[in-house]
>>> print(open('entry-v8.cif').read())   # mmCIF, C-alpha atoms
data_start
#
loop_
_atom_site.label_atom_id
_atom_site.label_comp_id
_atom_site.auth_asym_id
_atom_site.auth_seq_id
_atom_site.Cartn_x
_atom_site.Cartn_y
_atom_site.Cartn_z
CA MET A 1 16.75 13.77 26.46
CA PRO A 2 16.89 10.27 24.85
CA GLN A 3 19.36 7.59 25.86
CA ARG A 4 22.53 7.72 23.79
CA VAL A 5 24.03 4.67 22.08
CA VAL A 6 27.15 4.03 20.03
CA VAL A 7 27.03 1.02 17.69
CA ILE A 8 30.48 -0.22 16.66
CA GLY A 9 30.58 -1.95 13.29
CA GLY A 10 28.56 -1.21 10.16
CA GLY A 11 27.77 -4.73 8.94
CA ILE A 12 24.21 -6.01 8.74
CA CYS A 13 24.04 -6.61 12.51
CA GLY A 14 25.21 -3.09 13.31
CA LEU A 15 22.92 -1.53 10.71
CA ALA A 16 19.88 -3.48 11.92
CA THR A 17 20.67 -2.57 15.52
CA ALA A 18 21.10 1.14 14.82
CA HIS A 19 17.97 1.14 12.63
CA ARG A 20 15.78 -0.31 15.34
CA LEU A 21 17.22 1.76 18.20
CA ALA A 22 16.76 4.96 16.21
CA ARG A 23 13.17 3.99 15.44
CA GLU A 24 12.63 3.51 19.18
CA GLY A 25 13.73 7.08 19.82
CA LEU A 26 17.28 6.56 21.09
CA ALA A 27 20.08 8.84 19.91
CA VAL A 28 22.34 6.57 17.87
CA THR A 29 25.76 6.92 16.29
CA LEU A 30 26.98 4.05 14.10
CA LEU A 31 30.75 3.81 13.60
CA GLU A 32 32.27 1.85 10.72
CA ALA A 33 36.05 1.60 10.39
CA SER A 34 36.16 1.12 6.62
CA ASP A 35 34.91 3.42 3.88
CA GLN A 36 31.83 1.29 3.23
CA LEU A 37 28.93 -0.14 5.20
CA GLY A 38 27.75 -3.73 4.86
CA GLY A 39 30.48 -5.99 6.29
CA LEU A 40 30.43 -9.12 4.14
CA GLY A 41 27.71 -7.37 2.14
CA THR A 42 30.08 -4.71 0.83
CA PHE A 43 30.23 -4.17 -2.88
CA PHE A 44 32.26 -2.75 -5.73
CA GLU A 45 31.40 -1.22 -9.09
CA SER A 46 31.81 -3.00 -12.39
CA ARG A 47 30.58 -1.38 -15.59
CA GLY A 48 28.56 1.06 -13.53
CA ARG A 49 26.82 -1.74 -11.62
CA SER A 50 26.97 -2.59 -7.94
CA VAL A 51 28.25 -6.13 -7.28
CA GLU A 52 28.65 -7.85 -3.90
CA ARG A 53 32.18 -8.91 -3.03
CA PHE A 54 30.82 -12.08 -1.40
CA TYR A 55 27.80 -14.10 -2.48
CA HIS A 56 24.44 -13.74 -0.73
CA CYS A 57 20.88 -14.90 -1.17
CA VAL A 58 17.62 -14.78 0.78
CA MET A 59 15.97 -18.03 1.86
CA PRO A 60 12.18 -18.30 2.23
CA THR A 61 12.83 -19.33 5.86
CA ASP A 62 14.71 -16.06 6.64
CA ALA A 63 11.84 -14.60 8.66
CA ALA A 64 13.89 -12.03 10.60
CA LEU A 65 15.61 -10.67 7.49
CA LEU A 66 12.36 -10.54 5.53
CA ALA A 67 10.69 -8.64 8.38
CA LEU A 68 13.56 -6.12 8.36
CA LEU A 69 13.24 -5.70 4.60
CA ASP A 70 9.54 -5.09 5.12
CA GLU A 71 10.32 -2.29 7.60
CA VAL A 72 12.45 -0.45 5.03
CA GLY A 73 10.09 -1.09 2.12
CA LEU A 74 12.18 -3.71 0.30
CA ARG A 75 10.42 -7.00 0.95
CA GLU A 76 8.48 -6.83 -2.29
CA SER A 77 11.72 -6.11 -4.17
CA VAL A 78 12.98 -9.64 -3.50
CA GLY A 79 12.68 -11.76 -6.61
CA TRP A 80 12.28 -15.49 -6.00
CA LYS A 81 13.52 -18.17 -8.36
CA PRO A 82 13.92 -21.94 -8.23
CA THR A 83 17.61 -22.90 -8.18
CA SER A 84 19.47 -26.15 -8.61
CA MET A 85 22.53 -27.84 -7.20
CA GLY A 86 25.32 -29.52 -9.08
CA MET A 87 28.43 -31.35 -8.01
CA ILE A 88 31.89 -31.61 -9.53
CA VAL A 89 33.60 -34.84 -8.46
CA GLY A 90 36.91 -35.83 -10.00
CA GLY A 91 36.39 -33.15 -12.63
CA GLU A 92 33.04 -34.59 -13.76
CA HIS A 93 29.86 -32.52 -13.53
CA ARG A 94 26.66 -33.99 -12.16
CA SER A 95 23.23 -32.69 -11.22
CA PHE A 96 22.34 -33.35 -7.61
CA ASN A 97 18.73 -32.37 -7.09
CA SER A 98 16.33 -35.26 -7.54
CA ALA A 99 16.00 -38.90 -6.58
CA LEU A 100 16.87 -39.76 -10.17
CA ASP A 101 20.06 -37.67 -9.96
CA LEU A 102 21.02 -39.57 -6.83
CA LEU A 103 20.34 -42.94 -8.45
CA ARG A 104 22.65 -41.91 -11.31
CA PHE A 105 25.40 -40.72 -8.96
CA ARG A 106 28.03 -43.36 -9.76
CA PRO A 107 30.76 -42.13 -7.36
CA LEU A 108 28.65 -43.94 -4.73
CA SER A 109 27.66 -47.59 -4.91
CA PHE A 110 23.97 -48.30 -5.46
CA VAL A 111 23.51 -49.32 -1.82
CA ASN A 112 25.15 -46.11 -0.61
CA ARG A 113 23.03 -44.02 -2.97
CA ILE A 114 19.91 -45.46 -1.35
CA ARG A 115 21.39 -44.98 2.12
CA PHE A 116 22.31 -41.38 1.35
CA GLY A 117 18.81 -40.57 0.17
CA VAL A 118 16.99 -42.21 3.08
CA VAL A 119 19.24 -40.75 5.79
CA SER A 120 19.17 -37.26 4.23
CA LEU A 121 15.39 -37.37 4.14
CA LEU A 122 15.23 -38.31 7.82
CA LEU A 123 18.25 -36.38 9.11
CA ARG A 124 16.38 -33.56 10.84
CA ARG A 125 14.13 -36.09 12.60
CA LEU A 126 17.12 -38.27 13.52
CA GLY A 127 18.68 -35.32 15.35
CA GLN A 128 15.68 -34.61 17.56
CA GLY A 129 16.14 -35.42 21.22
CA LYS A 130 19.93 -35.83 20.91
CA ASP A 131 22.54 -33.64 22.59
CA LEU A 132 24.01 -32.60 19.25
CA ASP A 133 25.88 -29.73 20.89
CA ARG A 134 28.19 -32.28 22.54
CA LEU A 135 28.37 -34.70 19.61
CA ARG A 136 31.09 -34.37 16.97
CA THR A 137 29.74 -33.86 13.47
CA GLU A 138 31.96 -36.64 12.14
CA ASP A 139 30.79 -39.11 14.80
CA TRP A 140 27.13 -38.33 14.09
CA LEU A 141 27.22 -38.26 10.29
CA ARG A 142 29.71 -41.09 9.84
CA GLY A 143 27.54 -43.24 12.10
CA LEU A 144 24.39 -42.47 10.09
CA TYR A 145 25.77 -42.45 6.55
CA GLY A 146 28.72 -44.84 6.85
CA ASP A 147 32.40 -44.43 6.08
CA LYS A 148 32.15 -44.31 2.28
CA ILE A 149 29.61 -41.48 2.14
CA TRP A 150 31.40 -39.52 4.86
CA ASP A 151 34.81 -39.80 3.20
CA LEU A 152 33.66 -39.26 -0.38
CA LEU A 153 31.00 -36.57 0.01
CA LEU A 154 30.24 -35.19 3.44
CA ALA A 155 33.72 -34.44 4.73
CA PRO A 156 34.69 -32.50 1.56
CA MET A 157 31.30 -30.77 1.17
CA PHE A 158 30.72 -29.54 4.70
CA GLY A 159 34.41 -29.46 5.58
CA ALA A 160 34.98 -26.74 3.00
CA LYS A 161 33.56 -24.27 5.54
CA PHE A 162 35.78 -25.28 8.47
CA GLY A 163 38.75 -27.05 6.91
CA SER A 164 40.27 -29.93 8.82
CA ALA A 165 38.41 -28.89 11.99
CA PHE A 166 35.02 -29.69 10.53
CA GLY A 167 34.71 -33.16 12.01
CA ASP A 168 35.11 -31.70 15.50
CA VAL A 169 32.40 -29.03 15.11
CA PRO A 170 29.22 -29.77 17.09
CA ALA A 171 26.66 -31.71 15.05
CA LEU A 172 24.13 -29.12 16.18
CA TYR A 173 25.61 -26.68 13.66
CA VAL A 174 24.88 -29.01 10.73
CA TRP A 175 21.42 -29.84 12.07
CA GLN A 176 20.62 -26.13 12.35
CA ARG A 177 21.95 -25.46 8.87
CA LEU A 178 19.66 -28.10 7.45
CA GLY A 179 16.78 -26.42 9.28
CA ARG A 180 17.46 -23.08 7.60
CA GLU A 181 17.71 -24.52 4.12
CA SER A 182 14.94 -27.10 4.66
CA ASN A 183 15.55 -28.65 1.24
CA GLU A 184 14.48 -25.34 -0.29
CA SER A 185 15.40 -24.91 -3.95
CA VAL A 186 13.81 -21.45 -4.11
CA ARG A 187 16.06 -18.51 -3.31
CA GLY A 188 15.62 -14.77 -3.41
CA TYR A 189 17.65 -11.69 -4.30
CA PRO A 190 16.74 -7.98 -3.86
CA ALA A 191 16.10 -6.20 -7.14
CA GLY A 192 18.57 -3.46 -6.23
CA GLY A 193 21.18 -5.86 -4.88
CA TYR A 194 22.40 -5.83 -1.32
CA GLN A 195 23.54 -2.23 -1.72
CA SER A 196 19.86 -1.27 -1.79
CA VAL A 197 19.38 -2.93 1.63
CA ILE A 198 22.42 -1.16 3.09
CA ASP A 199 21.33 2.20 1.65
CA ALA A 200 17.77 1.76 2.94
CA LEU A 201 18.96 0.95 6.47
CA ARG A 202 21.28 3.96 6.50
CA ALA A 203 18.47 6.20 5.27
CA SER A 204 16.19 4.87 8.02
CA ILE A 205 18.79 5.51 10.74
CA GLU A 206 19.38 9.06 9.55
CA ALA A 207 15.68 9.76 9.04
CA HIS A 208 15.10 8.91 12.70
CA GLY A 209 17.83 11.25 13.89
CA GLY A 210 20.74 8.81 14.02
CA GLU A 211 24.25 9.43 12.76
CA VAL A 212 26.18 7.07 10.47
CA ARG A 213 29.92 7.49 10.12
CA VAL A 214 32.31 5.59 7.88
CA ASN A 215 36.12 5.86 7.96
CA ALA A 216 35.73 6.04 11.74
CA PRO A 217 37.90 3.27 13.24
CA VAL A 218 37.76 2.94 17.02
CA GLY A 219 41.12 3.16 18.75
CA ARG A 220 39.99 2.58 22.32
CA LEU A 221 36.78 1.56 24.07
CA GLU A 222 36.06 2.23 27.75
CA ALA A 223 32.91 1.02 29.50
CA ASP A 224 31.79 0.82 33.10
CA GLU A 225 28.49 0.70 34.95
CA HIS A 226 27.83 4.39 34.35
CA ARG A 227 28.86 5.24 30.79
CA VAL A 228 30.80 4.36 27.65
CA VAL A 229 33.66 6.35 26.12
CA VAL A 230 34.75 5.65 22.55
CA THR A 231 38.02 7.12 21.34
CA LEU A 232 38.46 7.12 17.58
CA ALA A 233 41.80 6.45 15.94
CA ASP A 234 42.24 10.16 15.27
CA GLY A 235 41.81 11.02 18.97
CA GLU A 236 38.20 12.20 18.86
CA THR A 237 36.08 10.97 21.76
CA ILE A 238 32.39 10.15 21.96
CA GLU A 239 30.60 9.56 25.26
CA ALA A 240 27.37 7.63 25.49
CA ASP A 241 25.02 5.88 27.87
CA HIS A 242 25.40 2.50 26.13
CA ALA A 243 27.35 0.81 23.36
CA VAL A 244 26.79 -2.25 21.18
CA SER A 245 29.81 -3.90 19.62
CA THR A 246 29.26 -6.07 16.55
CA VAL A 247 32.93 -6.58 15.68
CA PRO A 248 34.55 -10.03 16.15
CA LEU A 249 35.82 -10.70 19.66
CA PRO A 250 39.53 -10.63 18.65
CA ALA A 251 39.03 -7.15 17.18
CA LEU A 252 37.10 -6.03 20.26
CA ARG A 253 39.86 -7.19 22.59
CA ALA A 254 42.33 -5.13 20.56
CA ILE A 255 40.48 -1.87 21.31
CA ALA A 256 39.30 -2.54 24.87
CA ASP A 257 41.07 -0.42 27.49
CA VAL A 258 42.74 -1.96 30.54
CA GLY A 259 39.60 -1.52 32.62
CA LEU A 260 37.26 -3.18 30.13
CA ALA A 261 39.49 -5.99 28.86
CA PRO A 262 39.17 -8.25 31.95
CA ALA A 263 35.36 -8.05 31.75
CA LEU A 264 35.18 -9.30 28.14
CA PRO A 265 34.25 -12.94 27.45
CA GLU A 266 37.10 -15.35 28.03
CA VAL A 267 36.07 -17.68 25.22
CA GLN A 268 38.80 -17.89 22.59
CA LEU A 269 37.50 -19.01 19.21
CA PRO A 270 39.53 -19.67 16.08
CA TYR A 271 37.95 -18.07 13.02
CA GLN A 272 37.77 -19.16 9.43
CA GLY A 273 38.29 -16.50 6.82
CA VAL A 274 37.59 -16.83 3.12
CA VAL A 275 39.37 -16.28 -0.17
CA ASN A 276 36.73 -15.45 -2.74
CA THR A 277 37.23 -14.92 -6.47
CA LEU A 278 34.62 -13.44 -8.81
CA PHE A 279 34.53 -14.26 -12.49
CA PHE A 280 32.53 -12.25 -15.00
CA LEU A 281 32.03 -14.61 -17.92
CA ARG A 282 30.74 -14.08 -21.43
CA LYS A 283 28.74 -17.30 -21.26
CA PRO A 284 27.10 -19.35 -18.49
CA LEU A 285 28.54 -22.42 -16.84
CA SER A 286 26.30 -25.31 -15.80
CA GLY A 287 23.31 -23.24 -14.67
CA HIS A 288 23.50 -24.65 -11.14
CA TYR A 289 23.39 -22.07 -8.37
CA TRP A 290 25.65 -24.12 -6.07
CA ALA A 291 28.17 -26.83 -6.87
CA PRO A 292 30.69 -28.31 -4.41
CA VAL A 293 34.02 -29.17 -6.04
CA ILE A 294 35.50 -32.43 -4.74
CA ARG A 295 38.89 -33.94 -5.62
CA SER A 296 39.07 -32.06 -8.90
CA GLY A 297 42.53 -30.50 -8.68
CA THR A 298 41.33 -27.05 -7.59
CA ASP A 299 42.21 -24.90 -4.60
CA PHE A 300 38.61 -23.73 -4.41
CA ASP A 301 35.93 -26.11 -3.21
CA GLY A 302 32.71 -24.40 -4.21
CA VAL A 303 31.23 -22.65 -7.25
CA ILE A 304 28.27 -20.27 -6.98
CA GLU A 305 26.59 -19.13 -10.20
CA MET A 306 24.60 -15.99 -9.44
CA THR A 307 23.10 -15.46 -12.88
CA PRO A 308 20.46 -18.23 -12.56
CA LEU A 309 19.18 -16.28 -9.54
CA THR A 310 19.73 -12.67 -10.58
CA GLY A 311 19.79 -12.74 -14.37
CA SER A 312 22.71 -11.43 -16.44
CA GLU A 313 21.44 -7.90 -17.10
CA ARG A 314 22.62 -6.51 -13.76
CA TYR A 315 26.18 -7.55 -14.67
CA GLY A 316 26.19 -5.97 -18.11
CA ASP A 317 24.89 -9.09 -19.85
CA ARG A 318 27.67 -11.14 -18.29
CA HIS A 319 27.47 -14.17 -16.03
CA LEU A 320 28.77 -13.80 -12.47
CA VAL A 321 30.45 -16.76 -10.78
CA TYR A 322 31.94 -16.90 -7.28
CA VAL A 323 34.50 -19.54 -6.35
CA MET A 324 35.80 -19.74 -2.80
CA HIS A 325 37.91 -21.49 -0.22
CA TYR A 326 37.46 -21.01 3.52
CA THR A 327 40.77 -20.78 5.34
CA GLY A 328 42.42 -19.18 8.34
CA ARG A 329 43.77 -15.67 7.93
CA ASP A 330 47.27 -16.95 8.75
CA SER A 331 47.28 -19.56 5.97
CA ALA A 332 49.59 -19.36 2.96
CA LEU A 333 46.61 -19.05 0.62
CA TYR A 334 45.12 -16.14 2.55
CA ARG A 335 48.46 -14.32 2.53
CA GLU A 336 49.08 -15.01 -1.15
CA ASP A 337 49.04 -12.14 -3.63
CA SER A 338 45.58 -11.64 -5.17
CA ASP A 339 46.92 -11.48 -8.75
CA SER A 340 48.58 -14.86 -8.31
CA ILE A 341 45.36 -16.36 -6.97
CA ALA A 342 43.39 -14.87 -9.86
CA ARG A 343 45.71 -16.40 -12.47
CA ARG A 344 45.82 -19.86 -10.89
CA TRP A 345 42.12 -20.06 -10.12
CA THR A 346 41.28 -18.94 -13.67
CA GLU A 347 43.29 -21.88 -15.00
CA GLN A 348 41.60 -24.20 -12.53
CA LEU A 349 38.11 -22.98 -13.44
CA LEU A 350 38.88 -23.61 -17.11
CA SER A 351 40.17 -27.09 -16.24
CA VAL A 352 36.88 -28.18 -14.64
CA HIS A 353 34.66 -26.46 -17.22
CA LYS A 354 35.93 -27.85 -20.51
CA GLY A 355 33.64 -25.68 -22.63
CA LEU A 356 35.05 -22.51 -21.12
CA THR A 357 38.04 -20.75 -22.67
CA ALA A 358 40.24 -17.88 -21.56
CA ALA A 359 38.44 -15.67 -24.09
CA ASP A 360 35.20 -16.25 -22.19
CA VAL A 361 36.65 -14.68 -19.02
CA ASP A 362 35.90 -10.97 -19.09
CA GLU A 363 36.95 -9.85 -15.60
CA VAL A 364 38.38 -11.43 -12.44
CA ARG A 365 38.33 -9.96 -8.91
CA VAL A 366 39.74 -11.43 -5.67
CA PHE A 367 38.43 -10.49 -2.22
CA LYS A 368 39.31 -11.82 1.22
CA ALA A 369 37.63 -11.61 4.62
CA PRO A 370 39.45 -12.64 7.83
CA PHE A 371 36.51 -13.29 10.19
CA VAL A 372 33.70 -15.20 8.49
CA GLU A 373 32.80 -18.03 10.84
CA PRO A 374 34.00 -19.09 14.30
CA VAL A 375 35.03 -22.73 14.64
CA TYR A 376 32.83 -23.75 17.55
CA PRO A 377 33.98 -26.31 20.16
CA LEU A 378 31.83 -29.09 21.57
CA GLY A 379 29.47 -27.93 24.30
CA TYR A 380 29.50 -24.34 23.05
CA LEU A 381 25.92 -23.67 24.14
CA GLU A 382 27.19 -23.49 27.72
CA LYS A 383 30.34 -21.61 26.73
CA ARG A 384 28.57 -19.09 24.50
CA PRO A 385 29.12 -15.65 26.06
CA ALA A 386 26.32 -13.46 27.35
CA VAL A 387 25.41 -10.41 25.28
CA GLU A 388 25.73 -8.17 28.35
CA VAL A 389 29.24 -7.46 29.60
CA ALA A 390 28.84 -7.61 33.37
CA GLY A 391 29.47 -4.38 35.25
CA THR A 392 29.41 -2.26 32.09
CA ARG A 393 27.00 -0.64 29.67
CA LEU A 394 28.45 -2.58 26.75
CA LEU A 395 26.45 -5.20 24.88
CA LEU A 396 27.83 -7.65 22.32
CA ALA A 397 26.30 -8.85 19.07
CA THR A 398 28.98 -10.91 17.32
CA THR A 399 29.32 -14.13 15.35
CA ALA A 400 30.40 -15.78 18.61
CA HIS A 401 26.80 -15.23 19.79
CA VAL A 402 25.00 -16.52 16.68
CA TYR A 403 25.50 -20.23 17.40
CA PRO A 404 23.77 -22.61 16.96
CA ASN A 405 22.35 -20.70 14.01
CA VAL A 406 24.34 -20.58 10.79
CA THR A 407 26.12 -17.29 10.24
CA SER A 408 23.99 -15.39 7.72
CA TRP A 409 22.24 -12.07 7.30
CA ASN A 410 19.13 -13.62 8.80
CA SER A 411 20.86 -14.91 11.93
CA SER A 412 22.61 -11.55 12.30
CA VAL A 413 19.24 -9.79 12.25
CA GLU A 414 17.85 -12.31 14.75
CA LEU A 415 20.79 -11.59 17.06
CA SER A 416 20.34 -7.85 16.56
CA ASN A 417 16.68 -8.12 17.55
CA SER A 418 17.58 -9.98 20.74
CA VAL A 419 20.35 -7.57 21.74
CA THR A 420 18.19 -4.57 20.91
CA ASP A 421 15.39 -5.90 23.11
CA THR A 422 17.89 -6.25 25.95
CA LEU A 423 19.29 -2.76 25.48
CA LEU A 424 15.83 -1.18 25.30
CA ARG A 425 14.86 -2.92 28.53
CA ILE A 426 18.02 -1.61 30.22
CA ALA A 427 17.66 1.89 28.79
CA ARG A 428 14.04 2.23 29.90
CA SER A 429 14.95 1.26 33.45
CA THR A 430 18.14 3.31 33.72
CA PRO A 431 18.28 7.06 34.33
CA ILE A 432 20.45 9.12 32.01
CA GLN A 433 23.79 10.11 33.51
CA GLU A 434 23.85 13.88 33.83
CA ASN A 435 27.55 14.09 33.01
CA THR A 436 27.26 12.18 29.75
CA ALA A 437 28.17 14.32 26.76
CA TRP A 438 26.67 13.07 23.53
CA SER A 439 28.35 15.43 21.12
CA ALA A 440 31.73 14.32 19.81
CA GLU A 441 34.63 16.29 21.23
CA SER A 442 38.36 16.37 20.79
CA ALA A 443 40.33 14.16 23.09
CA ARG A 444 41.63 16.01 26.10
#
>>> encode(input="entry-v8.cif", output="C-alpha cells")
Amino acid sequence: MPQRVVVIGGGICGLATAHRLAREGLAVTLLEASDQLGGLGTFFESRGRSVERFYHCVMPTDAALLALLDEVGLRESVGWKPTSMGMIVGGEHRSFNSALDLLRFRPLSFVNRIRFGVVSLLLRRLGQGKDLDRLRTEDWLRGLYGDKIWDLLLAPMFGAKFGSAFGDVPALYVWQRLGRESNESVRGYPAGGYQSVIDALRASIEAHGGEVRVNAPVGRLEADEHRVVVTLADGETIEADHAVSTVPLPALRAIADVGLAPALPEVQLPYQGVVNTLFFLRKPLSGHYWAPVIRSGTDFDGVIEMTPLTGSERYGDRHLVYVMHYTGRDSALYREDSDSIARRWTEQLLSVHKGLTAADVDEVRVFKAPFVEPVYPLGYLEKRPAVEVAGTRLLLATTAHVYPNVTSWNSSVELSNSVTDTLLRIARSTPIQENTAWSAESAR
C-alpha cells in the first residue's frame, strides 16, 4: 500500500506538489477551500473566455516552472514576445527601455541619469559578496544611487510592493528580483491561459490516482510523529501518513489543533495583500507591458497591459489592463467596496491616459487577495522556518519559505520541488502505520 498524503491548498505550489507525489506513486488528496484551483492564478469568465484575476507571465529564467510545463505537455504552448516598459511620472508618459530613453528622462538631472544607468548596469555585481540579507534596501540603494534617484524613482517603484515598509526589507530581496528578471524584455504566456496549466496539473494528479477536491475547507489539522488527521469544516475526517500545507502561516495557525499549534514556526510575518482592478478597453493604451505610476494622483501605482503579450483576440478583441495597489488586508482601501474602487480608479485611469474616454471602457472588475507577499525582516535567512515541523509528519511549503526568491509561480514550483524531495525521502524511510485509514470517514 502506498504512503498517503494530504496536500492543503490548491494554488500552484499545492498543485505542483500533488502532481509530483502522485507521479511518484503516493496516494494523494488535494484539498482546496474555495470553489476553484489556482490560488492567485484563479480566473473568471468574460465573453466566454477565461481571464486571470491577477496578472501573470513566464520569464525565460523560470526554469522550474518551464520544466513543470514540460511534464504536463504545455511548454511548447508558451508564446514568447518582446515587451517594453513605460513610466508615468507626474501624469506624463515616458518610455523607459533604452539608454536613449534614460538620457531623455527629464525628471532626473543629466548627472543622475548617467548615475542611474551605470549603477543599474552594475547592480547585480555590486551586490556580490555583501551580506544583503542584513542590509536595508534603502541603505543599500540610496547609498549607490543617491538621494534624488531613491526619492524620485526607487522608493515609489519598488515600494509599491511593500508600502512604507519597503526601505526596511532586506536588500537581498531586490538583488534576487533583479536576478530573475535579468534585464529580460522577453516574456511568455501559455496559449490556453493559466487555466490550461491548472487543468493540466489536475488531470495529471487524477490520472496518477490522486484525488482533487474543491469546496473542501479544513476546519482542524492534527499532526504528530505517527500520522496526520484532517477534519474538514463539515466534520468529515481524513487520516494520512503525511501532510503538506501550502496555506499562509496565519491561516495554518487558525486550523492547527492545540497539540500542533506549539510546534508551528514562531516567526510572525506581516503580509501585503493587493487590490487589483481589470479594465477591458476598446482600444490600447501605451503598448507598454509594465508602467509604474509615480506621483500622478492615482491610488494605484502600476499598470500592466496584457494585450502586447497575449494579443486582443483572447479577450474578445478587447485590450486587457490590470492596475493594482499592494496594501495590508486591514487597510481602508482593502476594506472599501469594490464598486466604489471601480468607479474611482476608472476616473483615475482616464486622468492619466488623456486619449482614453469613458466610452472606451467596456468592462471593469475588482479582485482582492489578502496574502500576496510577506514583508521580510532583516536577517530572515536565519529566521526562515524549516519545511519540516519537528515531531510531526507535517511539511510546510508557504510564501514564508520562498525567500530570498521573489514570490512567483516559478519560486513556488522550486519550493514544491524541494519539499517534495524531503517528503519522498521521509516516506521511503518510514513504514506505513497500520492503523492509518486513508478513506474519508465521518467524524466520530
>>> closest_residue(input="entry-v8.cif", among="A:Ala216, A:Leu152, A:Val274, A:Val244", to="Leu15 in chain A", atoms="all atoms listed in the file")
A:Val244
>>> residues_around(input="entry-v8.cif", residues="Ser331 in chain A", least_positions_apart="5", cutoff="12 Å", atoms="all atoms listed in the file", output="PyMOL selection string")
chain A and resi 163+271-275+325-326+336+370
>>> residues_around(input="entry-v8.cif", residues="Ala191 in chain A", least_positions_apart="3", cutoff="10 Å", atoms="all atoms listed in the file", output="ChimeraX atom specification")
/A:74-79,188,194,196-197,310,314
>>> resolve_selection(input="entry-v8.cif", expression="the PyMOL selection byres ((chain A and resi 29) around 6)", output="number ranges by chain")
A: 6, 28, 30, 210-212
>>> closest_residue(input="entry-v8.cif", among="A:Leu264, A:Ser351, A:Ala33, A:Ala171", to="Gly143 in chain A", atoms="only C-alpha atoms")
A:Ala171
>>> resolve_selection(input="entry-v8.cif", expression="the PyMOL selection byres ((chain A and resi 412-422) around 8)", output="list in words")
Ile12, Cys13, Gly14, Ala16, Thr17, Arg20, Leu21, Ala64, Leu65, Leu68, Val387, Leu395, Leu396, Ala397, Thr399, His401, Val402, Thr407, Ser408, Trp409, Asn410, Ser411, Leu423, Leu424, Arg425 and Ile426 of chain A
>>> resolve_selection(input="entry-v8.cif", expression="the PyMOL selection byres ((chain A and resi 96-112) around 8)", output="PDB file with C-alpha atoms, in the coordinates of the input")
ATOM      1  CA  SER A  84      19.470 -26.150  -8.610  1.00  0.00           C
ATOM      2  CA  MET A  85      22.530 -27.840  -7.200  1.00  0.00           C
ATOM      3  CA  GLY A  86      25.320 -29.520  -9.080  1.00  0.00           C
ATOM      4  CA  MET A  87      28.430 -31.350  -8.010  1.00  0.00           C
ATOM      5  CA  VAL A  89      33.600 -34.840  -8.460  1.00  0.00           C
ATOM      6  CA  ARG A  94      26.660 -33.990 -12.160  1.00  0.00           C
ATOM      7  CA  SER A  95      23.230 -32.690 -11.220  1.00  0.00           C
ATOM      8  CA  ARG A 113      23.030 -44.020  -2.970  1.00  0.00           C
ATOM      9  CA  ILE A 114      19.910 -45.460  -1.350  1.00  0.00           C
ATOM     10  CA  ARG A 115      21.390 -44.980   2.120  1.00  0.00           C
ATOM     11  CA  PHE A 116      22.310 -41.380   1.350  1.00  0.00           C
ATOM     12  CA  GLY A 117      18.810 -40.570   0.170  1.00  0.00           C
ATOM     13  CA  LYS A 148      32.150 -44.310   2.280  1.00  0.00           C
ATOM     14  CA  ILE A 149      29.610 -41.480   2.140  1.00  0.00           C
TER      15      ILE A 149
END
>>> atom_distance(input="entry-v8.cif", atom1="CA of Leu278 in chain A", atom2="CA of Val321 in chain A")
5.7 Å
>>> closest_residue(input="entry-v8.cif", among="A:Gly259, A:Gly316, A:Pro284, A:Pro190", to="Leu69 in chain A", atoms="all atoms listed in the file")
A:Pro190
>>> residues_around(input="entry-v8.cif", residues="Pro217 in chain A", least_positions_apart="4", cutoff="8 Å", atoms="all atoms listed in the file", output="ChimeraX atom specification")
/A:31-34,232-233
>>> axis_aligned_box(input="entry-v8.cif", around="range 144-153 of chain A", padding_each_side="4 Å", output="AutoDock Vina command-line options")
--center_x 29.6 --center_y -40.7 --center_z 4.9 --size_x 18.4 --size_y 16.3 --size_z 18.5
>>> atom_distance(input="entry-v8.cif", atom1="CA of Val174 in chain A", atom2="CA of Pro308 in chain A")
26.0 Å
>>> atom_distance(input="entry-v8.cif", atom1="CA of Phe54 in chain A", atom2="CA of Thr137 in chain A")
26.4 Å
>>> closest_residue(input="entry-v8.cif", among="A:Gly287, A:Gly328, A:Gly379, A:Pro2", to="Arg23 in chain A", atoms="all atoms listed in the file")
A:Pro2
>>> residues_around(input="entry-v8.cif", residues="Phe158 in chain A", least_positions_apart="4", cutoff="12 Å", atoms="all atoms listed in the file", output="list in words")
Thr137, Glu138, Leu141, Trp150, Asp151, Leu152, Leu153, Leu154, Phe162, Gly163, Ser164, Ala165, Phe166, Gly167, Asp168, Val169, Ala171, Tyr173, Val174, Trp175, Arg177, Leu178, Pro292, Val293, Ile294, Asp301, Gly302, His325 and Tyr326 of chain A
>>> closest_residue(input="entry-v8.cif", among="A:Asp234, A:Asp35, A:Glu305, A:Asp241", to="Phe279 in chain A", atoms="all atoms listed in the file")
A:Glu305
>>> closest_residue(input="entry-v8.cif", among="A:Val214, A:Tyr315, A:Lys368, A:Gln176", to="Tyr403 in chain A", atoms="all atoms listed in the file")
A:Gln176
